[in-house]
Structures are given as structure tokens and as C-alpha cells.
>>> print(open('entry12.pdb').read())   # PDB, C-alpha atoms
MODEL        1
ATOM      1  CA  MET A1116     -75.358  47.470-125.967
ATOM      2  CA  LEU A1117     -76.528  50.617-127.677
ATOM      3  CA  HIS A1118     -77.562  52.146-124.375
ATOM      4  CA  ASP A1119     -73.882  52.199-123.444
ATOM      5  CA  LEU A1120     -72.955  54.429-126.386
ATOM      6  CA  PRO A1121     -72.517  58.180-125.815
ATOM      7  CA  LEU A1122     -75.791  59.132-127.459
ATOM      8  CA  GLY A1123     -75.842  62.641-125.993
ATOM      9  CA  ARG A1124     -72.489  63.535-127.566
ATOM     10  CA  ALA A1125     -73.571  62.076-130.895
ATOM     11  CA  LEU A1126     -76.809  64.082-130.709
ATOM     12  CA  ARG A1127     -74.824  67.250-130.012
ATOM     13  CA  ARG A1128     -72.500  66.643-132.966
ATOM     14  CA  PHE A1129     -75.462  65.913-135.246
ATOM     15  CA  ARG A1130     -77.161  69.104-134.114
ATOM     16  CA  LEU A1131     -74.043  71.279-134.570
ATOM     17  CA  LEU A1132     -73.185  69.847-137.983
ATOM     18  CA  HIS A1133     -76.719  70.496-139.181
ATOM     19  CA  GLY A1134     -77.038  73.952-137.611
ATOM     20  CA  ILE A1135     -79.971  72.846-135.470
ATOM     21  CA  LYS A1136     -80.654  74.428-132.091
ATOM     22  CA  GLN A1137     -81.480  72.434-128.981
ATOM     23  CA  GLY A1138     -84.945  73.968-129.004
ATOM     24  CA  ASP A1139     -85.572  72.659-132.525
ATOM     25  CA  VAL A1140     -84.520  69.140-131.497
ATOM     26  CA  ALA A1141     -86.721  69.429-128.426
ATOM     27  CA  GLU A1142     -89.667  70.417-130.606
ATOM     28  CA  ARG A1143     -89.071  67.496-132.997
ATOM     29  CA  LEU A1144     -88.965  65.085-130.049
ATOM     30  CA  ALA A1145     -91.774  66.775-128.063
ATOM     31  CA  VAL A1146     -89.563  67.351-125.001
ATOM     32  CA  THR A1147     -88.117  70.422-123.319
ATOM     33  CA  GLN A1148     -84.909  72.125-124.399
ATOM     34  CA  ALA A1149     -83.598  71.403-120.901
ATOM     35  CA  SER A1150     -84.032  67.651-121.526
ATOM     36  CA  VAL A1151     -81.973  67.880-124.716
ATOM     37  CA  SER A1152     -79.321  69.858-122.839
ATOM     38  CA  ARG A1153     -79.134  67.250-120.048
ATOM     39  CA  TRP A1154     -78.842  64.406-122.581
ATOM     40  CA  GLU A1155     -76.061  66.168-124.469
ATOM     41  CA  SER A1156     -74.119  66.884-121.283
ATOM     42  CA  GLY A1157     -74.566  63.320-120.054
ATOM     43  CA  ALA A1158     -76.373  64.508-116.920
ATOM     44  CA  HIS A1159     -79.378  62.328-117.827
ATOM     45  CA  LEU A1160     -80.101  59.491-120.208
ATOM     46  CA  PRO A1161     -83.271  59.402-122.285
ATOM     47  CA  GLU A1162     -85.811  56.648-121.692
ATOM     48  CA  PRO A1163     -85.522  53.653-124.072
ATOM     49  CA  ALA A1164     -88.407  54.771-126.316
ATOM     50  CA  MET A1165     -86.880  58.240-126.604
ATOM     51  CA  ARG A1166     -83.448  56.720-127.309
ATOM     52  CA  ASP A1167     -84.995  54.906-130.252
ATOM     53  CA  ARG A1168     -86.459  58.166-131.587
ATOM     54  CA  ILE A1169     -83.120  59.975-131.175
ATOM     55  CA  LEU A1170     -81.236  57.140-132.868
ATOM     56  CA  ALA A1171     -83.687  57.197-135.781
ATOM     57  CA  MET A1172     -83.083  60.939-136.141
ATOM     58  CA  ILE A1173     -79.260  60.835-136.052
ATOM     59  CA  ALA A1174     -78.483  57.407-137.549
ATOM     60  CA  ALA A1175     -76.340  57.481-140.669
ATOM     61  CA  ARG A1176     -77.492  55.769-143.810
ATOM     62  CA  ALA A1177     -75.284  55.095-146.803
ATOM     63  CA  GLY A1178     -78.068  53.966-149.089
ATOM     64  CA  ASN A1179     -78.409  56.992-151.329
ATOM     65  CA  ASP A1180     -76.666  57.585-154.651
ATOM     66  CA  ALA A1181     -74.397  60.266-153.187
ATOM     67  CA  ASP A1182     -72.673  57.669-150.974
ATOM     68  CA  ALA A1183     -72.421  55.008-153.710
ATOM     69  CA  ALA A1184     -68.729  55.688-154.394
ATOM     70  CA  LEU A1185     -67.809  55.378-150.711
ATOM     71  CA  LYS A1186     -69.760  52.130-150.370
ATOM     72  CA  ARG A1187     -68.149  50.772-153.544
ATOM     73  CA  LEU A1188     -64.661  51.601-152.222
ATOM     74  CA  ILE A1189     -65.415  49.794-148.956
ATOM     75  CA  GLU A1190     -67.104  46.817-150.644
ATOM     76  CA  THR A1191     -64.275  46.286-153.147
ATOM     77  CA  SER A1192     -61.358  46.905-150.809
ATOM     78  CA  THR A1193     -58.866  44.093-150.341
ATOM     79  CA  ALA A1194     -58.288  45.292-146.771
ATOM     80  CA  PRO A1195     -60.414  44.124-143.843
ATOM     81  CA  VAL A1196     -62.561  47.245-143.542
ATOM     82  CA  HIS A1197     -66.153  48.168-142.815
ATOM     83  CA  LEU A1198     -68.290  51.292-142.552
ATOM     84  CA  VAL A1199     -70.730  51.819-139.694
ATOM     85  CA  CYS A1200     -72.886  54.657-138.457
ATOM     86  CA  ASP A1201     -70.703  56.453-135.914
ATOM     87  CA  ALA A1202     -73.667  56.992-133.581
ATOM     88  CA  THR A1203     -75.274  53.539-133.677
ATOM     89  CA  HIS A1204     -72.605  51.151-135.008
ATOM     90  CA  ARG A1205     -75.082  49.932-137.656
ATOM     91  CA  LEU A1206     -73.243  48.258-140.529
ATOM     92  CA  LEU A1207     -73.442  50.251-143.763
ATOM     93  CA  ALA A1208     -70.850  48.441-145.927
ATOM     94  CA  ALA A1209     -68.059  45.864-145.574
ATOM     95  CA  SER A1210     -65.209  44.484-147.640
ATOM     96  CA  PRO A1211     -64.939  40.813-148.611
ATOM     97  CA  ALA A1212     -61.818  40.564-146.428
ATOM     98  CA  ARG A1213     -63.811  41.837-143.427
ATOM     99  CA  VAL A1214     -66.789  39.513-143.861
ATOM    100  CA  ALA A1215     -64.792  36.369-144.599
ATOM    101  CA  GLY A1216     -66.143  33.917-142.068
ATOM    102  CA  TRP A1217     -69.241  35.938-141.163
ATOM    103  CA  PRO A1218     -72.299  33.679-141.359
ATOM    104  CA  GLY A1219     -74.397  35.003-144.247
ATOM    105  CA  GLY A1220     -71.737  37.552-145.224
ATOM    106  CA  ALA A1221     -72.344  41.294-144.987
ATOM    107  CA  ASP A1222     -75.989  41.045-146.053
ATOM    108  CA  ALA A1223     -76.875  39.231-142.833
ATOM    109  CA  PHE A1224     -75.641  42.197-140.783
ATOM    110  CA  LEU A1225     -76.430  45.261-142.929
ATOM    111  CA  ASP A1226     -78.356  47.923-141.008
ATOM    112  CA  ARG A1227     -77.769  46.017-137.753
ATOM    113  CA  SER A1228     -75.528  47.236-134.958
ATOM    114  CA  LEU A1229     -72.198  45.454-134.623
ATOM    115  CA  TRP A1230     -71.738  46.778-131.090
ATOM    116  CA  ARG A1231     -72.570  43.427-129.473
ATOM    117  CA  PHE A1232     -69.405  42.010-131.090
ATOM    118  CA  ALA A1233     -67.094  44.620-129.531
ATOM    119  CA  SER A1234     -64.029  43.422-127.655
ATOM    120  CA  PRO A1235     -63.209  44.893-124.220
ATOM    121  CA  GLU A1236     -60.587  47.097-125.895
ATOM    122  CA  ILE A1237     -63.105  48.393-128.448
ATOM    123  CA  ILE A1238     -65.513  49.191-125.620
ATOM    124  CA  ALA A1239     -62.763  51.025-123.737
ATOM    125  CA  ALA A1240     -61.774  52.982-126.873
ATOM    126  CA  GLU A1241     -65.408  53.952-127.442
ATOM    127  CA  GLU A1242     -65.763  55.106-123.847
ATOM    128  CA  GLY A1243     -62.756  57.427-124.293
ATOM    129  CA  LEU A1244     -63.979  59.097-127.481
ATOM    130  CA  ALA A1245     -65.864  61.938-125.793
ATOM    131  CA  ASP A1246     -62.750  62.956-123.847
ATOM    132  CA  ARG A1247     -60.782  63.044-127.129
ATOM    133  CA  GLY A1248     -63.246  65.483-128.697
ATOM    134  CA  TRP A1249     -64.446  62.795-131.126
ATOM    135  CA  TYR A1250     -67.999  64.147-131.166
ATOM    136  CA  ASP A1251     -66.985  67.784-131.511
ATOM    137  CA  ARG A1252     -65.604  67.612-135.057
ATOM    138  CA  PRO A1253     -66.481  65.524-138.119
ATOM    139  CA  PHE A1254     -62.973  64.324-139.109
ATOM    140  CA  GLN A1255     -61.408  62.101-136.469
ATOM    141  CA  ARG A1256     -58.891  59.248-136.454
ATOM    142  CA  LEU A1257     -57.849  56.787-133.759
ATOM    143  CA  GLU A1258     -55.556  53.768-133.788
ATOM    144  CA  PHE A1259     -55.539  51.262-130.947
ATOM    145  CA  HIS A1260     -54.811  47.643-130.144
ATOM    146  CA  THR A1261     -57.651  45.213-129.567
ATOM    147  CA  GLY A1262     -57.717  41.714-128.201
ATOM    148  CA  HIS A1263     -60.071  38.860-129.054
ATOM    149  CA  ASN A1264     -63.768  39.367-128.402
ATOM    150  CA  GLY A1265     -64.457  35.676-127.758
ATOM    151  CA  ASN A1266     -67.489  35.750-130.061
ATOM    152  CA  PRO A1267     -67.907  32.822-132.489
ATOM    153  CA  VAL A1268     -70.344  34.674-134.792
ATOM    154  CA  ILE A1269     -68.165  37.673-135.664
ATOM    155  CA  ALA A1270     -64.716  37.216-134.198
ATOM    156  CA  VAL A1271     -62.545  40.220-133.464
ATOM    157  CA  LEU A1272     -58.976  38.958-133.462
ATOM    158  CA  PRO A1273     -56.005  40.585-131.728
ATOM    159  CA  SER A1274     -54.902  43.396-134.010
ATOM    160  CA  THR A1275     -54.310  47.097-134.453
ATOM    161  CA  MET A1276     -57.453  48.909-135.553
ATOM    162  CA  ARG A1277     -57.975  52.302-137.122
ATOM    163  CA  TRP A1278     -61.190  54.276-136.785
ATOM    164  CA  GLU A1279     -61.788  57.227-139.085
ATOM    165  CA  THR A1280     -64.911  59.334-139.318
ATOM    166  CA  VAL A1281     -66.334  60.393-142.649
ATOM    167  CA  PRO A1282     -69.284  62.699-143.299
ATOM    168  CA  LEU A1283     -71.988  61.014-145.364
ATOM    169  CA  ALA A1284     -74.169  62.703-147.952
ATOM    170  CA  ASP A1285     -77.067  63.118-145.526
ATOM    171  CA  GLY A1286     -74.780  65.052-143.153
ATOM    172  CA  ARG A1287     -74.520  62.257-140.632
ATOM    173  CA  ILE A1288     -71.211  60.647-139.688
ATOM    174  CA  GLY A1289     -69.901  57.240-140.698
ATOM    175  CA  ARG A1290     -66.963  55.427-139.142
ATOM    176  CA  ILE A1291     -64.540  53.468-141.281
ATOM    177  CA  THR A1292     -62.987  50.649-139.259
ATOM    178  CA  THR A1293     -59.856  49.073-140.697
ATOM    179  CA  THR A1294     -57.688  46.289-139.346
ATOM    180  CA  ILE A1295     -54.245  47.635-140.144
ATOM    181  CA  ALA A1296     -52.125  44.924-138.532
ATOM    182  CA  SER A1297     -53.081  41.524-137.181
ATOM    183  CA  ASP A1298     -51.127  40.030-134.322
ATOM    184  CA  PRO A1299     -49.073  36.971-135.304
ATOM    185  CA  VAL A1300     -50.719  33.721-134.369
TER     186      VAL A1300
ENDMDL
END
>>> encode(input="entry12.pdb", output="C-alpha cells")
Amino acid sequence: MLHDLPLGRALRRFRLLHGIKQGDVAERLAVTQASVSRWESGAHLPEPAMRDRILAMIAARAGNDADAALKRLIETSTAPVHLVCDATHRLLAASPARVAGWPGGADAFLDRSLWRFASPEIIAAEEGLADRGWYDRPFQRLEFHTGHNGNPVIAVLPSTMRWETVPLADGRIGRITTTIASDPV
């Protein structure tokens, strides 16, 4: 679920990349600077309604003309690859090889979080990102092995995955997810 994602770290990265102070974020959200500080440190979690407001503020979008080339590269790739918002896991673009077998193709999942389809290994990798400094810098890369997610809608099969972050035109961060090696069946 989205509430399991490290929203505070993503908020901090968004703020630092945009040169925004905690006080400015607090003013935008009508909370105290101390609340923003506690969220970023992980000491407290925002209430669900506030989470939604934070996610709306930091969520990446790849719908503008400046990101058209990136989307086109993803959507025409022969590799199984997709682009999501790094903070929310909302699908921004996917290759035909990635969506083969998805009911309704990519269009059925665009702008929707793919987090509910995560395998246990993907969840574990996500939980370790903060310790790796993932949210402290815009260019990150991680390769790891994942098992099956057991989901019939969007199946994650045993494979080696690569995550790479990419800044989008609006200054937010996207994550390119590529299956680089599938396990033999």
C-alpha cells in the first residue's frame, strides 16, 4: 500500500531538489514546520488526508512535452521496462514487452500505483532504499532479484530487476524499472 512507502524521505528529496524550505512546505500544507520535520525524519506519519495532499504535491507526471522523448523511449522499447513516479509508484509509461499480458494494456494502469503488485522482494528492496541514500540524490541505480508476486492481474515473475531514477521535466523523480534477466522456467 502507499502508506507503506517512505513518503517522508520522498518529501525531503522533493524539497531539496526544488530548493524549498521546510517552512515553505509547512505553509503550503497549513501545518507547522515541526510536523514537516517529523514526517521527513520518519518520527511521525501524516494522517491519510494529509498524505494525499503531500502525494499530490510531490507526485511525478510525465505528461508534458518536455518528457515526451523519455516516454517515447519507454513506450517503444523492446525490453520489458516501465516508468513510474518514484514517490508514488504511479505508472507513467510502459513498453509493449512489459504490458504483454496486462488486462487492458498500459492504458488500464496509467496514473495508477503499481505498488499493490509488488513481490515480497520488491517490498524489501523498497524498504531498504532510505538506508542506501536513495532519497538523498536524484541519480540512483539498484539491481536485485525478485521472486513471483502471485498476482494474476500483473504477474511479477522471478527475475533480476534494475531500478534507475531519472529527473523529469517538472523536477520530480521518475523510476525506470527494467527486467534485465528472467529466471529460466
>>> closest_residue(input="entry12.pdb", among="A:Ala1233, A:Val1199, A:Ala1239, A:Ala1221", to="A:Thr1280", atoms="all atoms listed in the file")
A:Val1199
>>> closest_residue(input="entry12.pdb", among="A:Arg1128, A:Arg1143, A:His1159, A:Arg1290", to="A:Thr1203", atoms="all atoms listed in the file")
A:Arg1290
>>> atom_distance(input="entry12.pdb", atom1="atom CA of A:Glu1279", atom2="atom CA of A:Gly1262")
19.4 Å
>>> closest_residue(input="entry12.pdb", among="A:Ile1237, A:Leu1206, A:Leu1132, A:Ile1169", to="A:Val1146", atoms="all atoms listed in the file")
A:Ile1169
>>> resolve_selection(input="entry12.pdb", expression="the PyMOL selection byres ((chain A and resi 1270-1278) around 6)", output="JSON, numbers by chain")
{"A": [1256, 1257, 1258, 1259, 1260, 1261, 1262, 1263, 1264, 1266, 1267, 1269, 1279, 1291, 1292, 1293, 1294, 1295, 1296, 1297, 1298]}
>>> write_last_selection(input="entry12.pdb", atoms="C-alpha atoms", output="mmCIF file, in the frame of the given file")
data_model
loop_
_atom_site.group_PDB
_atom_site.id
_atom_site.type_symbol
_atom_site.label_atom_id
_atom_site.label_comp_id
_atom_site.auth_asym_id
_atom_site.auth_seq_id
_atom_site.Cartn_x
_atom_site.Cartn_y
_atom_site.Cartn_z
ATOM 1 C CA ARG A 1256 -58.891 59.248 -136.454
ATOM 2 C CA LEU A 1257 -57.849 56.787 -133.759
ATOM 3 C CA GLU A 1258 -55.556 53.768 -133.788
ATOM 4 C CA PHE A 1259 -55.539 51.262 -130.947
ATOM 5 C CA HIS A 1260 -54.811 47.643 -130.144
ATOM 6 C CA THR A 1261 -57.651 45.213 -129.567
ATOM 7 C CA GLY A 1262 -57.717 41.714 -128.201
ATOM 8 C CA HIS A 1263 -60.071 38.860 -129.054
ATOM 9 C CA ASN A 1264 -63.768 39.367 -128.402
ATOM 10 C CA ASN A 1266 -67.489 35.750 -130.061
ATOM 11 C CA PRO A 1267 -67.907 32.822 -132.489
ATOM 12 C CA ILE A 1269 -68.165 37.673 -135.664
ATOM 13 C CA GLU A 1279 -61.788 57.227 -139.085
ATOM 14 C CA ILE A 1291 -64.540 53.468 -141.281
ATOM 15 C CA THR A 1292 -62.987 50.649 -139.259
ATOM 16 C CA THR A 1293 -59.856 49.073 -140.697
ATOM 17 C CA THR A 1294 -57.688 46.289 -139.346
ATOM 18 C CA ILE A 1295 -54.245 47.635 -140.144
ATOM 19 C CA ALA A 1296 -52.125 44.924 -138.532
ATOM 20 C CA SER A 1297 -53.081 41.524 -137.181
ATOM 21 C CA ASP A 1298 -51.127 40.030 -134.322
#
>>> residues_around(input="entry12.pdb", residues="A:Ala1212", least_positions_apart="3", cutoff="8 Å", atoms="only C-alpha atoms", output="list in words")
Ser1192, Thr1193, Ala1194, Pro1195, Val1196 and Ala1215 of chain A
>>> residues_around(input="entry12.pdb", residues="A:Leu1283", least_positions_apart="4", cutoff="12 Å", atoms="all atoms listed in the file", output="PyMOL selection string")
chain A and resi 1129+1132+1173-1186+1198-1201+1207+1253-1254+1287-1291
>>> write_last_selection(input="entry12.pdb", atoms="C-alpha atoms", output="PDB file, in the coordinates of the input")
ATOM      1  CA  PHE A1129     -75.462  65.913-135.246  1.00  0.00           C
ATOM      2  CA  LEU A1132     -73.185  69.847-137.983  1.00  0.00           C
ATOM      3  CA  ILE A1173     -79.260  60.835-136.052  1.00  0.00           C
ATOM      4  CA  ALA A1174     -78.483  57.407-137.549  1.00  0.00           C
ATOM      5  CA  ALA A1175     -76.340  57.481-140.669  1.00  0.00           C
ATOM      6  CA  ARG A1176     -77.492  55.769-143.810  1.00  0.00           C
ATOM      7  CA  ALA A1177     -75.284  55.095-146.803  1.00  0.00           C
ATOM      8  CA  GLY A1178     -78.068  53.966-149.089  1.00  0.00           C
ATOM      9  CA  ASN A1179     -78.409  56.992-151.329  1.00  0.00           C
ATOM     10  CA  ASP A1180     -76.666  57.585-154.651  1.00  0.00           C
ATOM     11  CA  ALA A1181     -74.397  60.266-153.187  1.00  0.00           C
ATOM     12  CA  ASP A1182     -72.673  57.669-150.974  1.00  0.00           C
ATOM     13  CA  ALA A1183     -72.421  55.008-153.710  1.00  0.00           C
ATOM     14  CA  ALA A1184     -68.729  55.688-154.394  1.00  0.00           C
ATOM     15  CA  LEU A1185     -67.809  55.378-150.711  1.00  0.00           C
ATOM     16  CA  LYS A1186     -69.760  52.130-150.370  1.00  0.00           C
ATOM     17  CA  LEU A1198     -68.290  51.292-142.552  1.00  0.00           C
ATOM     18  CA  VAL A1199     -70.730  51.819-139.694  1.00  0.00           C
ATOM     19  CA  CYS A1200     -72.886  54.657-138.457  1.00  0.00           C
ATOM     20  CA  ASP A1201     -70.703  56.453-135.914  1.00  0.00           C
ATOM     21  CA  LEU A1207     -73.442  50.251-143.763  1.00  0.00           C
ATOM     22  CA  PRO A1253     -66.481  65.524-138.119  1.00  0.00           C
ATOM     23  CA  PHE A1254     -62.973  64.324-139.109  1.00  0.00           C
ATOM     24  CA  ARG A1287     -74.520  62.257-140.632  1.00  0.00           C
ATOM     25  CA  ILE A1288     -71.211  60.647-139.688  1.00  0.00           C
ATOM     26  CA  GLY A1289     -69.901  57.240-140.698  1.00  0.00           C
ATOM     27  CA  ARG A1290     -66.963  55.427-139.142  1.00  0.00           C
ATOM     28  CA  ILE A1291     -64.540  53.468-141.281  1.00  0.00           C
TER      29      ILE A1291
END
>>> axis_aligned_box(input="entry12.pdb", around="stretch 1143-1161 of chain A", padding_each_side="4 Å", output="JSON")
{"center_x": -82.9, "center_y": 65.8, "center_z": -125.0, "size_x": 25.7, "size_y": 20.7, "size_z": 24.1}
